[in-house]
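Pasted below: final_22.pdb, PDB, C-alpha atoms.
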MODEL        1
ATOM      1  CA  MET A 225     -32.564  43.814 -38.439
ATOM      2  CA  SER A 226     -29.909  43.757 -41.095
ATOM      3  CA  GLU A 227     -30.742  44.695 -44.665
ATOM      4  CA  ALA A 228     -29.022  43.335 -47.704
ATOM      5  CA  VAL A 229     -27.837  46.130 -49.999
ATOM      6  CA  THR A 230     -27.990  45.220 -53.638
ATOM      7  CA  HIS A 231     -26.002  47.284 -56.108
ATOM      8  CA  ILE A 232     -27.628  47.376 -59.520
ATOM      9  CA  ASP A 233     -25.290  48.132 -62.375
ATOM     10  CA  PRO A 234     -27.175  50.559 -64.679
ATOM     11  CA  THR A 235     -24.895  49.664 -67.573
ATOM     12  CA  ASN A 236     -25.552  45.926 -67.382
ATOM     13  CA  THR A 237     -28.909  45.832 -69.130
ATOM     14  CA  SER A 238     -30.507  43.464 -71.622
ATOM     15  CA  THR A 239     -30.683  46.294 -74.188
ATOM     16  CA  GLY A 240     -27.047  47.273 -73.738
ATOM     17  CA  LEU A 241     -28.223  50.828 -73.070
ATOM     18  CA  ASP A 242     -27.357  52.641 -69.857
ATOM     19  CA  SER A 243     -30.646  52.706 -67.964
ATOM     20  CA  ARG A 244     -29.964  56.194 -66.532
ATOM     21  CA  LYS A 245     -29.446  57.659 -69.970
ATOM     22  CA  LEU A 246     -32.442  55.767 -71.362
ATOM     23  CA  GLY A 247     -34.539  57.171 -68.515
ATOM     24  CA  MET A 248     -33.465  60.720 -69.346
ATOM     25  CA  TRP A 249     -34.296  60.304 -73.043
ATOM     26  CA  ILE A 250     -37.760  58.967 -72.135
ATOM     27  CA  PHE A 251     -38.205  61.941 -69.785
ATOM     28  CA  LEU A 252     -37.226  64.275 -72.636
ATOM     29  CA  VAL A 253     -39.925  62.678 -74.794
ATOM     30  CA  THR A 254     -42.498  63.742 -72.191
ATOM     31  CA  GLU A 255     -40.931  67.209 -72.210
ATOM     32  CA  VAL A 256     -41.313  67.370 -75.996
ATOM     33  CA  MET A 257     -45.025  66.662 -75.565
ATOM     34  CA  LEU A 258     -45.316  69.285 -72.811
ATOM     35  CA  PHE A 259     -43.642  72.085 -74.731
ATOM     36  CA  SER A 260     -45.362  71.114 -77.991
ATOM     37  CA  SER A 261     -48.711  71.558 -76.257
ATOM     38  CA  LEU A 262     -47.626  74.918 -74.877
ATOM     39  CA  ILE A 263     -46.290  76.057 -78.255
ATOM     40  CA  GLY A 264     -49.489  74.859 -79.945
ATOM     41  CA  ALA A 265     -51.600  76.857 -77.483
ATOM     42  CA  PHE A 266     -49.326  79.868 -77.954
ATOM     43  CA  LEU A 267     -49.679  79.686 -81.760
ATOM     44  CA  GLN A 268     -53.445  79.715 -81.348
ATOM     45  CA  MET A 269     -53.271  82.756 -79.048
ATOM     46  CA  LYS A 270     -50.850  84.520 -81.377
ATOM     47  CA  GLY A 271     -53.071  83.770 -84.363
ATOM     48  CA  ARG A 272     -55.944  85.535 -82.628
ATOM     49  CA  SER A 273     -53.827  88.571 -81.713
ATOM     50  CA  PRO A 274     -52.873  91.575 -83.831
ATOM     51  CA  ALA A 275     -50.025  90.835 -86.284
ATOM     52  CA  ASP A 276     -47.736  93.319 -84.520
ATOM     53  CA  ALA A 277     -48.475  92.003 -81.008
ATOM     54  CA  ASN A 278     -44.825  91.047 -80.484
ATOM     55  CA  GLN A 279     -43.528  94.536 -81.332
ATOM     56  CA  VAL A 280     -43.451  95.283 -77.602
ATOM     57  CA  LEU A 281     -40.729  92.643 -77.135
ATOM     58  CA  ASN A 282     -37.043  93.577 -77.091
ATOM     59  CA  VAL A 283     -35.448  91.437 -79.817
ATOM     60  CA  PRO A 284     -31.814  92.641 -79.492
ATOM     61  CA  VAL A 285     -31.684  91.946 -75.737
ATOM     62  CA  THR A 286     -33.292  88.530 -76.187
ATOM     63  CA  ALA A 287     -30.937  87.722 -79.072
ATOM     64  CA  VAL A 288     -28.015  88.340 -76.701
ATOM     65  CA  ASN A 289     -29.772  86.163 -74.106
ATOM     66  CA  THR A 290     -30.174  83.416 -76.708
ATOM     67  CA  PHE A 291     -26.460  83.672 -77.414
ATOM     68  CA  ILE A 292     -25.757  83.331 -73.669
ATOM     69  CA  LEU A 293     -27.811  80.120 -73.503
ATOM     70  CA  ILE A 294     -25.998  78.722 -76.549
ATOM     71  CA  VAL A 295     -22.647  79.473 -74.868
ATOM     72  CA  SER A 296     -23.882  77.683 -71.717
ATOM     73  CA  SER A 297     -24.761  74.620 -73.797
ATOM     74  CA  THR A 298     -21.230  74.682 -75.171
ATOM     75  CA  THR A 299     -19.692  74.907 -71.684
ATOM     76  CA  VAL A 300     -21.742  71.885 -70.548
ATOM     77  CA  VAL A 301     -20.510  69.748 -73.406
ATOM     78  CA  LEU A 302     -16.940  70.961 -72.798
ATOM     79  CA  ALA A 303     -17.337  69.994 -69.118
ATOM     80  CA  LEU A 304     -18.333  66.494 -70.208
ATOM     81  CA  GLN A 305     -15.404  66.300 -72.617
ATOM     82  CA  ALA A 306     -13.064  67.475 -69.843
ATOM     83  CA  ILE A 307     -14.055  64.795 -67.341
ATOM     84  CA  MET A 308     -14.017  62.083 -70.020
ATOM     85  CA  ASN A 309     -10.406  63.123 -70.628
ATOM     86  CA  GLY A 310      -9.698  63.103 -66.881
ATOM     87  CA  ASP A 311      -9.338  66.894 -66.592
ATOM     88  CA  ARG A 312     -11.132  67.695 -63.318
ATOM     89  CA  ARG A 313      -9.961  71.313 -63.228
ATOM     90  CA  ARG A 314     -11.666  72.103 -66.539
ATOM     91  CA  LEU A 315     -14.756  70.173 -65.419
ATOM     92  CA  LYS A 316     -15.151  72.528 -62.446
ATOM     93  CA  LEU A 317     -14.373  75.563 -64.585
ATOM     94  CA  PHE A 318     -16.965  74.722 -67.235
ATOM     95  CA  LEU A 319     -19.641  73.749 -64.710
ATOM     96  CA  ALA A 320     -19.103  77.067 -62.902
ATOM     97  CA  ALA A 321     -19.315  78.881 -66.257
ATOM     98  CA  THR A 322     -22.565  77.064 -67.070
ATOM     99  CA  LEU A 323     -23.992  78.084 -63.709
ATOM    100  CA  ALA A 324     -23.021  81.723 -64.242
ATOM    101  CA  LEU A 325     -24.341  81.813 -67.820
ATOM    102  CA  GLY A 326     -27.616  80.123 -66.880
ATOM    103  CA  ALA A 327     -28.099  82.550 -63.986
ATOM    104  CA  THR A 328     -27.396  85.449 -66.351
ATOM    105  CA  PHE A 329     -30.007  84.136 -68.795
ATOM    106  CA  LEU A 330     -32.571  83.920 -66.012
ATOM    107  CA  GLY A 331     -31.609  87.358 -64.679
ATOM    108  CA  VAL A 332     -32.086  88.948 -68.116
ATOM    109  CA  GLN A 333     -35.452  87.199 -68.450
ATOM    110  CA  ILE A 334     -36.580  88.568 -65.084
ATOM    111  CA  TYR A 335     -35.366  92.031 -66.153
ATOM    112  CA  GLU A 336     -37.324  91.665 -69.413
ATOM    113  CA  TYR A 337     -40.454  90.673 -67.471
ATOM    114  CA  SER A 338     -40.129  93.699 -65.176
ATOM    115  CA  MET A 339     -39.730  96.071 -68.132
ATOM    116  CA  LEU A 340     -42.680  94.559 -69.982
ATOM    117  CA  LEU A 341     -44.917  94.661 -66.916
ATOM    118  CA  HIS A 342     -43.872  98.274 -66.328
ATOM    119  CA  GLU A 343     -44.982  99.064 -69.889
ATOM    120  CA  GLY A 344     -48.372  97.452 -69.232
ATOM    121  CA  PHE A 345     -47.731  94.207 -71.118
ATOM    122  CA  THR A 346     -49.311  91.835 -68.589
ATOM    123  CA  PRO A 347     -50.355  88.140 -68.729
ATOM    124  CA  SER A 348     -54.038  89.094 -68.471
ATOM    125  CA  GLY A 349     -53.843  92.104 -70.778
ATOM    126  CA  SER A 350     -54.037  90.201 -74.060
ATOM    127  CA  LEU A 351     -54.096  86.711 -75.549
ATOM    128  CA  PHE A 352     -50.560  87.205 -76.811
ATOM    129  CA  GLY A 353     -49.423  88.326 -73.353
ATOM    130  CA  GLY A 354     -51.013  85.274 -71.712
ATOM    131  CA  GLY A 355     -49.304  82.935 -74.163
ATOM    132  CA  PHE A 356     -45.970  84.752 -73.920
ATOM    133  CA  TYR A 357     -45.720  84.600 -70.123
ATOM    134  CA  THR A 358     -46.951  80.986 -69.983
ATOM    135  CA  VAL A 359     -44.472  79.591 -72.508
ATOM    136  CA  THR A 360     -41.441  81.659 -71.461
ATOM    137  CA  GLY A 361     -42.340  81.143 -67.782
ATOM    138  CA  PHE A 362     -42.377  77.361 -68.170
ATOM    139  CA  HIS A 363     -39.063  77.542 -69.975
ATOM    140  CA  GLY A 364     -37.580  79.827 -67.300
ATOM    141  CA  PHE A 365     -38.692  77.361 -64.634
ATOM    142  CA  HIS A 366     -36.818  74.598 -66.481
ATOM    143  CA  VAL A 367     -33.710  76.805 -66.554
ATOM    144  CA  PHE A 368     -34.088  77.373 -62.796
ATOM    145  CA  ILE A 369     -34.293  73.604 -62.139
ATOM    146  CA  GLY A 370     -31.234  73.158 -64.349
ATOM    147  CA  LEU A 371     -29.326  75.749 -62.330
ATOM    148  CA  LEU A 372     -30.079  73.910 -59.065
ATOM    149  CA  TRP A 373     -28.953  70.654 -60.695
ATOM    150  CA  CYS A 374     -25.786  72.270 -62.057
ATOM    151  CA  ALA A 375     -24.962  73.758 -58.641
ATOM    152  CA  GLY A 376     -25.298  70.291 -57.082
ATOM    153  CA  LEU A 377     -22.974  68.790 -59.683
ATOM    154  CA  LEU A 378     -20.456  71.595 -59.174
ATOM    155  CA  VAL A 379     -20.372  70.884 -55.426
ATOM    156  CA  GLU A 380     -19.765  67.207 -56.177
ATOM    157  CA  ALA A 381     -17.080  68.105 -58.706
ATOM    158  CA  LEU A 382     -15.336  70.222 -56.076
ATOM    159  CA  LYS A 383     -15.319  67.100 -53.861
ATOM    160  CA  GLU A 384     -13.618  65.190 -56.727
ATOM    161  CA  ARG A 385     -16.513  62.781 -57.161
ATOM    162  CA  PHE A 386     -16.249  62.502 -60.936
ATOM    163  CA  SER A 387     -13.698  60.654 -62.994
ATOM    164  CA  PRO A 388     -13.233  59.302 -66.540
ATOM    165  CA  SER A 389     -15.129  56.190 -65.407
ATOM    166  CA  ASN A 390     -17.792  58.121 -63.495
ATOM    167  CA  TYR A 391     -19.225  60.926 -65.612
ATOM    168  CA  MET A 392     -22.714  59.691 -66.515
ATOM    169  CA  ARG A 393     -24.460  62.190 -64.224
ATOM    170  CA  ILE A 394     -22.677  65.031 -66.031
ATOM    171  CA  GLU A 395     -23.812  63.598 -69.369
ATOM    172  CA  ILE A 396     -27.406  63.203 -68.174
ATOM    173  CA  PHE A 397     -27.472  66.778 -66.863
ATOM    174  CA  GLY A 398     -26.076  67.852 -70.235
ATOM    175  CA  LEU A 399     -28.956  66.148 -72.047
ATOM    176  CA  TYR A 400     -31.426  68.110 -69.922
ATOM    177  CA  TRP A 401     -29.605  71.423 -70.352
ATOM    178  CA  HIS A 402     -29.214  71.020 -74.113
ATOM    179  CA  TYR A 403     -32.904  70.189 -74.397
ATOM    180  CA  VAL A 404     -33.735  73.427 -72.565
ATOM    181  CA  ASP A 405     -31.490  75.190 -75.088
ATOM    182  CA  VAL A 406     -33.274  73.484 -78.006
ATOM    183  CA  VAL A 407     -36.653  74.625 -76.686
ATOM    184  CA  TRP A 408     -35.400  78.211 -76.396
ATOM    185  CA  ILE A 409     -34.021  78.162 -79.955
ATOM    186  CA  ILE A 410     -37.534  77.325 -81.195
ATOM    187  CA  LEU A 411     -39.269  79.757 -78.811
ATOM    188  CA  PHE A 412     -36.983  82.641 -79.764
ATOM    189  CA  THR A 413     -38.005  82.261 -83.409
ATOM    190  CA  ILE A 414     -41.710  81.667 -82.845
ATOM    191  CA  ILE A 415     -42.258  84.336 -80.187
ATOM    192  CA  TYR A 416     -39.783  87.100 -80.978
ATOM    193  CA  LEU A 417     -38.877  86.885 -84.649
ATOM    194  CA  ILE A 418     -41.948  85.748 -86.566
TER     195      ILE A 418
ATOM    196  CA  MET B 175     -15.971  52.260 -57.678
ATOM    197  CA  SER B 176     -18.904  53.705 -55.851
ATOM    198  CA  GLU B 177     -20.438  56.797 -57.419
ATOM    199  CA  ASN B 178     -20.059  58.822 -54.238
ATOM    200  CA  GLN B 179     -16.478  58.000 -53.451
ATOM    201  CA  PRO B 180     -14.011  60.829 -53.988
ATOM    202  CA  VAL B 181     -11.525  60.022 -56.716
ATOM    203  CA  ALA B 182      -7.873  60.567 -55.954
ATOM    204  CA  GLU B 183      -6.258  63.217 -58.128
ATOM    205  CA  ASN B 184      -3.412  60.941 -59.174
ATOM    206  CA  GLU B 185      -5.596  57.991 -60.078
ATOM    207  CA  SER B 186      -4.622  56.638 -63.442
ATOM    208  CA  VAL B 187      -7.154  57.152 -66.173
ATOM    209  CA  ALA B 188      -6.004  54.027 -67.975
ATOM    210  CA  SER B 189      -6.501  51.910 -64.878
ATOM    211  CA  HIS B 190     -10.263  52.257 -65.084
ATOM    212  CA  PRO B 191     -11.757  49.154 -66.672
ATOM    213  CA  ALA B 192     -14.761  51.236 -67.687
ATOM    214  CA  ASN B 193     -12.473  53.593 -69.564
ATOM    215  CA  VAL B 194     -12.311  51.189 -72.454
ATOM    216  CA  PRO B 195     -14.128  52.842 -75.350
ATOM    217  CA  THR B 196     -17.660  51.497 -75.583
ATOM    218  CA  ASP B 197     -19.215  53.827 -78.110
ATOM    219  CA  LYS B 198     -18.282  56.218 -80.847
ATOM    220  CA  LEU B 199     -18.345  59.158 -78.461
ATOM    221  CA  HIS B 200     -15.252  57.802 -76.740
ATOM    222  CA  LYS B 201     -13.425  57.423 -80.010
ATOM    223  CA  ARG B 202     -13.848  61.021 -81.124
ATOM    224  CA  HIS B 203     -15.540  64.167 -79.941
ATOM    225  CA  PRO B 204     -17.198  66.382 -82.510
ATOM    226  CA  ASN B 205     -15.697  69.832 -82.974
ATOM    227  CA  TYR B 206     -17.836  71.543 -80.340
ATOM    228  CA  LEU B 207     -16.442  75.010 -81.001
ATOM    229  CA  LEU B 208     -17.378  74.717 -84.673
ATOM    230  CA  VAL B 209     -20.926  73.756 -83.676
ATOM    231  CA  PHE B 210     -21.017  76.704 -81.264
ATOM    232  CA  LEU B 211     -19.790  79.112 -83.956
ATOM    233  CA  SER B 212     -22.423  77.798 -86.370
ATOM    234  CA  LEU B 213     -25.151  78.356 -83.775
ATOM    235  CA  ALA B 214     -23.919  81.868 -82.985
ATOM    236  CA  VAL B 215     -23.684  82.873 -86.653
ATOM    237  CA  LEU B 216     -27.095  81.395 -87.456
ATOM    238  CA  THR B 217     -28.636  83.327 -84.535
ATOM    239  CA  ALA B 218     -27.145  86.554 -85.901
ATOM    240  CA  VAL B 219     -28.432  85.666 -89.392
ATOM    241  CA  GLU B 220     -31.917  85.063 -87.950
ATOM    242  CA  VAL B 221     -31.998  88.490 -86.329
ATOM    243  CA  GLY B 222     -30.589  90.064 -89.495
ATOM    244  CA  ILE B 223     -33.317  88.481 -91.631
ATOM    245  CA  THR B 224     -36.012  90.270 -89.611
ATOM    246  CA  TYR B 225     -34.638  93.560 -90.973
ATOM    247  CA  VAL B 226     -35.038  92.386 -94.595
ATOM    248  CA  PRO B 227     -38.777  92.265 -95.341
ATOM    249  CA  GLN B 228     -38.140  90.991 -98.894
ATOM    250  CA  ILE B 229     -37.184  87.587 -97.430
ATOM    251  CA  PRO B 230     -40.171  85.349 -96.583
ATOM    252  CA  GLN B 231     -39.803  85.537 -92.813
ATOM    253  CA  ALA B 232     -41.722  82.598 -91.357
ATOM    254  CA  PRO B 233     -40.461  79.696 -93.529
ATOM    255  CA  VAL B 234     -36.834  80.869 -93.571
ATOM    256  CA  LEU B 235     -36.688  81.622 -89.837
ATOM    257  CA  LEU B 236     -38.430  78.346 -88.934
ATOM    258  CA  ALA B 237     -36.036  76.377 -91.158
ATOM    259  CA  LEU B 238     -33.036  78.076 -89.541
ATOM    260  CA  SER B 239     -34.290  77.432 -86.008
ATOM    261  CA  VAL B 240     -35.005  73.757 -86.777
ATOM    262  CA  PHE B 241     -31.502  73.443 -88.249
ATOM    263  CA  LYS B 242     -30.010  75.024 -85.101
ATOM    264  CA  ALA B 243     -32.054  72.686 -82.891
ATOM    265  CA  LEU B 244     -30.824  69.688 -84.906
ATOM    266  CA  LEU B 245     -27.211  70.840 -84.508
ATOM    267  CA  VAL B 246     -27.639  70.839 -80.711
ATOM    268  CA  ILE B 247     -29.468  67.493 -80.702
ATOM    269  CA  MET B 248     -27.081  65.693 -83.038
ATOM    270  CA  TYR B 249     -23.752  67.062 -81.757
ATOM    271  CA  PHE B 250     -24.151  68.460 -78.213
ATOM    272  CA  MET B 251     -26.594  65.709 -77.189
ATOM    273  CA  HIS B 252     -24.521  63.219 -79.219
ATOM    274  CA  LEU B 253     -27.509  61.629 -80.902
ATOM    275  CA  ARG B 254     -25.442  61.272 -84.078
ATOM    276  CA  TYR B 255     -22.905  59.115 -82.261
ATOM    277  CA  ASP B 256     -25.012  57.413 -79.603
ATOM    278  CA  SER B 257     -27.249  54.357 -79.869
ATOM    279  CA  LYS B 258     -29.881  54.636 -82.600
ATOM    280  CA  TRP B 259     -32.426  53.574 -80.004
ATOM    281  CA  PHE B 260     -32.128  56.967 -78.304
ATOM    282  CA  ALA B 261     -32.780  58.724 -81.613
ATOM    283  CA  PHE B 262     -35.747  56.448 -82.283
ATOM    284  CA  ILE B 263     -37.216  57.111 -78.832
ATOM    285  CA  PHE B 264     -36.660  60.874 -79.005
ATOM    286  CA  PHE B 265     -38.165  61.385 -82.467
ATOM    287  CA  ILE B 266     -41.307  59.239 -81.858
ATOM    288  CA  PRO B 267     -43.380  62.137 -80.419
ATOM    289  CA  PHE B 268     -42.698  64.301 -83.474
ATOM    290  CA  VAL B 269     -44.948  61.969 -85.486
ATOM    291  CA  LEU B 270     -47.776  63.444 -83.379
ATOM    292  CA  VAL B 271     -46.315  66.864 -82.632
ATOM    293  CA  ILE B 272     -45.674  68.105 -86.182
ATOM    294  CA  PRO B 273     -49.198  67.387 -87.510
ATOM    295  CA  MET B 274     -50.656  68.871 -84.308
ATOM    296  CA  LEU B 275     -48.711  72.108 -84.695
ATOM    297  CA  ILE B 276     -49.601  72.358 -88.394
ATOM    298  CA  VAL B 277     -53.301  71.867 -87.641
ATOM    299  CA  LEU B 278     -53.204  74.407 -84.799
ATOM    300  CA  ARG B 279     -51.346  76.937 -86.946
ATOM    301  CA  ILE B 280     -53.821  76.505 -89.817
ATOM    302  CA  GLY B 281     -56.752  76.597 -87.394
TER     303      GLY B 281
ENDMDL
END

Give the structure from this file in C-alpha cells form.
Amino acid sequence: MSEAVTHIDPTNTSTGLDSRKLGMWIFLVTEVMLFSSLIGAFLQMKGRSPADANQVLNVPVTAVNTFILIVSSTTVVLALQAIMNGDRRRLKLFLAATLALGATFLGVQIYEYSMLLHEGFTPSGSLFGGGFYTVTGFHGFHVFIGLLWCAGLLVEALKERFSPSNYMRIEIFGLYWHYVDVVWIILFTIIYLI
Amino acid sequence: MSENQPVAENESVASHPANVPTDKLHKRHPNYLLVFLSLAVLTAVEVGITYVPQIPQAPVLLALSVFKALLVIMYFMHLRYDSKWFAFIFFIPFVLVIPMLIVLRIG
C-alpha cells in the first residue's frame, strides 16, 4: 500500500511564527514552572535550616563552573551566528566547544557531589542537603540532556546538514541551552551566595 | 531543501530563497562578546560582594542574578529582537511564579 507523504512547512503558519520555535518557547514555559516549584521548595527547606547551612559548599569552584556554563552559552550563540553567516567550520568548532564546556560543567558538579558526600553532606542528612541535591540534580540532568542533544547536532554538522537556510534546529537547541544557563545563574545565587 | 540533505560546501548563500532577512535577528547580531564579558564581570562582582558584609547581600545579589538572567534571555535567546509573542508567552508564568516565591520565602 502506498502512503502519501505530506511535507508541512513549519514556517508557513497563520501566526507567522515558526511552529518549532513556538513549541520550544511553550516547552520553556513548562520548565519555568518546574524549576520555580523546585526553587520554592528549596527556599522553604533553606528557611528551616541553620543560616550557615551552605558554608559546606565550595563557592570558588562553583563560581568557576558558573563561568564555564556562561562561556558555553556564548559558544552556542556564536555557533548559530556562524551558520547564519554560512561558516560551517566555525559552526562545528563552536558546537564542539559547547560540548566540551558542558561536559566540564557536569564533571565538576559530579566532583563537587563526591567531595560533599565524602564530608558527610548527604541528601538525607539535612533539609538543606535534600533541597540542594534535588535542585542541582534536576539542573544537572537538564545539562546532561543538552549534552546528548549537542552531540547529535555536532554529528549532523560534521555531515554538512546545516546551512544559512537550515539552522532552526541549532537555534532551538540554543534556546534550551541558554535556559539551562539562566536557571543556573539563579541557582548559583540562591544556593551558594545568599 | 530537505532538512536531512547534506549541503554542498560551495553552495551559494545568496541563492537560498529563505536567506532573505525575515526578522531583526538577520539584520544585525547583538555584540555577543560584550554580553559575555558583562556576564563574566557580574559573576565576579557577585562573588566579591559575599566578602563584603556591609553590603546587603540578598537584595543586591538577587538583583544582579536577575539582571544576568535577563541579559541571557534578551540577547542570547534573542527575545529583544524576536517576535513579541515569544516574550509574551515566556513571561506569562512569572505572573504566578513571582508571587509564589515571595509567599514561600516569607512563609

Using only C-alpha atoms, determine which residues lie at most 10 Å from Thr346 in chain A, disregarding the query and same-chain residues fewer than 6 positions distant; provide the list as a ChimeraX atom specification. /A:337-338,340,352-354,356-357

Can you tell me, as a PyMOL selection string, what residues are no more than 12 Å from Gly271 in chain A when counting all atoms listed in the file, ignoring any on the same chain fewer than 6 positions away? (chain A and resi 263-265+277-278+351-352+355+414-415+418) or (chain B and resi 278-281)

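Within 6 Å of range 298-304 of chain A, once only C-alpha atoms are used and residues closer than 3 positions along the same chain are dropped, the contacting residues are Val295, Ile307, Leu315, Phe318, Thr322 and Gly398 of chain A.
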
Care to translate the PyMOL selection byres ((chain B and resi 219-230) around 12) into actual residues of this file, as a PyMOL selection string? (chain A and resi 279+282-288+290-291+409-410+412-414+416-418) or (chain B and resi 212-218+231-242)

Residue by residue, what does the PyMOL selection byres ((chain B and resi 258) around 12) grab here? Present the result as number ranges by chain. A: 239-241, 246, 249; B: 197-198, 248, 252-257, 259-265

Around all listed atoms of range 212-228 of chain B, padded 3 Å per side, what centre and edge lengths does the axis-aligned box have in Å to one decimal, as lines of an AutoDock Vina configuration file?
center_x = -30.6
center_y = 85.7
center_z = -90.9
size_x = 22.4
size_y = 21.8
size_z = 21.9

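For the atom pair formed by CA of Leu371 in chain A and CA of Tyr249 in chain B, the distance is 22.0 Å, given to one decimal.
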
Which residues come within 12 Å of Ala327 in chain A, counting only C-alpha atoms, excluding same-chain residues fewer than 2 positions away, as a compact mmCIF listing (two decimals) with C-alpha atoms, keeping the file's coordinate frame?
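Output file out09.txt is given in full below:
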# COMPACT_ATOMS: atom_id res chain seq x y z
CA ASN A 289 -29.77 86.16 -74.11
CA ILE A 292 -25.76 83.33 -73.67
CA LEU A 293 -27.81 80.12 -73.50
CA SER A 296 -23.88 77.68 -71.72
CA ALA A 320 -19.10 77.07 -62.90
CA ALA A 321 -19.32 78.88 -66.26
CA THR A 322 -22.56 77.06 -67.07
CA LEU A 323 -23.99 78.08 -63.71
CA ALA A 324 -23.02 81.72 -64.24
CA LEU A 325 -24.34 81.81 -67.82
CA PHE A 329 -30.01 84.14 -68.80
CA LEU A 330 -32.57 83.92 -66.01
CA GLY A 331 -31.61 87.36 -64.68
CA VAL A 332 -32.09 88.95 -68.12
CA GLN A 333 -35.45 87.20 -68.45
CA ILE A 334 -36.58 88.57 -65.08
CA GLY A 364 -37.58 79.83 -67.30
CA PHE A 365 -38.69 77.36 -64.63
CA VAL A 367 -33.71 76.81 -66.55
CA PHE A 368 -34.09 77.37 -62.80
CA ILE A 369 -34.29 73.60 -62.14
CA GLY A 370 -31.23 73.16 -64.35
CA LEU A 371 -29.33 75.75 -62.33
CA LEU A 372 -30.08 73.91 -59.06
CA CYS A 374 -25.79 72.27 -62.06
CA ALA A 375 -24.96 73.76 -58.64

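A straight line drawn from CA of Met308 in chain A to CA of Arg393 in chain A is 11.9 Å long.
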
Could you tell me, as an MDAnalysis selection string, exactly which residues end up selected when the PyMOL selection byres ((chain B and resi 271) around 10) is applied to this structure? (chainID A and resid 256:257 259:261 264) or (chainID B and resid 265:270 272:277)

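Across the model, the gap from CA of His402 in chain A to CA of Ser297 in chain A is 5.7 Å.
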
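Of the listed residues A:Leu399, A:Val253, A:Leu411, A:Met339, the one whose atoms come nearest to Val280 in chain A is A:Met339, with distances taken using all atoms listed in the file.
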
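Of the residues listed (A:Val406, A:Leu382, A:Met269, A:Leu281), A:Val406 shows the shortest atom-to-atom separation from chain B; distances use all atoms listed in the file.
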
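With distances taken over all atoms listed in the file, B:Met251 is the one residue among B:Leu245, B:Met251, B:Val209, B:His203 lying closest to Lys245 in chain A.
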
Reconstructed range 203-217 of chain B, atom set N, CA and C atoms, as a short mmCIF file (atom, residue, chain, number, x, y, z; two decimals), keeping the file's coordinate frame:
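This went into out_2.cif:
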data_model
loop_
_atom_site.label_atom_id
_atom_site.label_comp_id
_atom_site.auth_asym_id
_atom_site.auth_seq_id
_atom_site.Cartn_x
_atom_site.Cartn_y
_atom_site.Cartn_z
N HIS B 203 -14.56 63.14 -80.26
CA HIS B 203 -15.54 64.17 -79.94
C HIS B 203 -15.74 65.01 -81.18
N PRO B 204 -17.00 65.44 -81.41
CA PRO B 204 -17.20 66.38 -82.51
C PRO B 204 -16.49 67.69 -82.20
N ASN B 205 -16.32 68.53 -83.20
CA ASN B 205 -15.70 69.83 -82.97
C ASN B 205 -16.75 70.76 -82.37
N TYR B 206 -16.78 70.80 -81.03
CA TYR B 206 -17.84 71.54 -80.34
C TYR B 206 -17.77 73.04 -80.63
N LEU B 207 -16.57 73.57 -80.76
CA LEU B 207 -16.44 75.01 -81.00
C LEU B 207 -16.98 75.38 -82.39
N LEU B 208 -16.82 74.47 -83.34
CA LEU B 208 -17.38 74.72 -84.67
C LEU B 208 -18.91 74.72 -84.61
N VAL B 209 -19.47 73.80 -83.86
CA VAL B 209 -20.93 73.76 -83.68
C VAL B 209 -21.40 75.04 -83.00
N PHE B 210 -20.67 75.46 -81.97
CA PHE B 210 -21.02 76.70 -81.26
C PHE B 210 -20.98 77.90 -82.21
N LEU B 211 -19.91 77.99 -83.02
CA LEU B 211 -19.79 79.11 -83.96
C LEU B 211 -20.94 79.10 -84.97
N SER B 212 -21.30 77.92 -85.43
CA SER B 212 -22.42 77.80 -86.37
C SER B 212 -23.71 78.31 -85.73
N LEU B 213 -23.94 77.92 -84.48
CA LEU B 213 -25.15 78.36 -83.78
C LEU B 213 -25.16 79.87 -83.58
N ALA B 214 -24.00 80.42 -83.22
CA ALA B 214 -23.92 81.87 -82.98
C ALA B 214 -24.16 82.64 -84.28
N VAL B 215 -23.52 82.18 -85.36
CA VAL B 215 -23.68 82.87 -86.65
C VAL B 215 -25.13 82.77 -87.14
N LEU B 216 -25.72 81.58 -87.01
CA LEU B 216 -27.10 81.40 -87.46
C LEU B 216 -28.07 82.27 -86.66
N THR B 217 -27.79 82.44 -85.36
CA THR B 217 -28.64 83.33 -84.54
C THR B 217 -28.54 84.76 -85.05
#
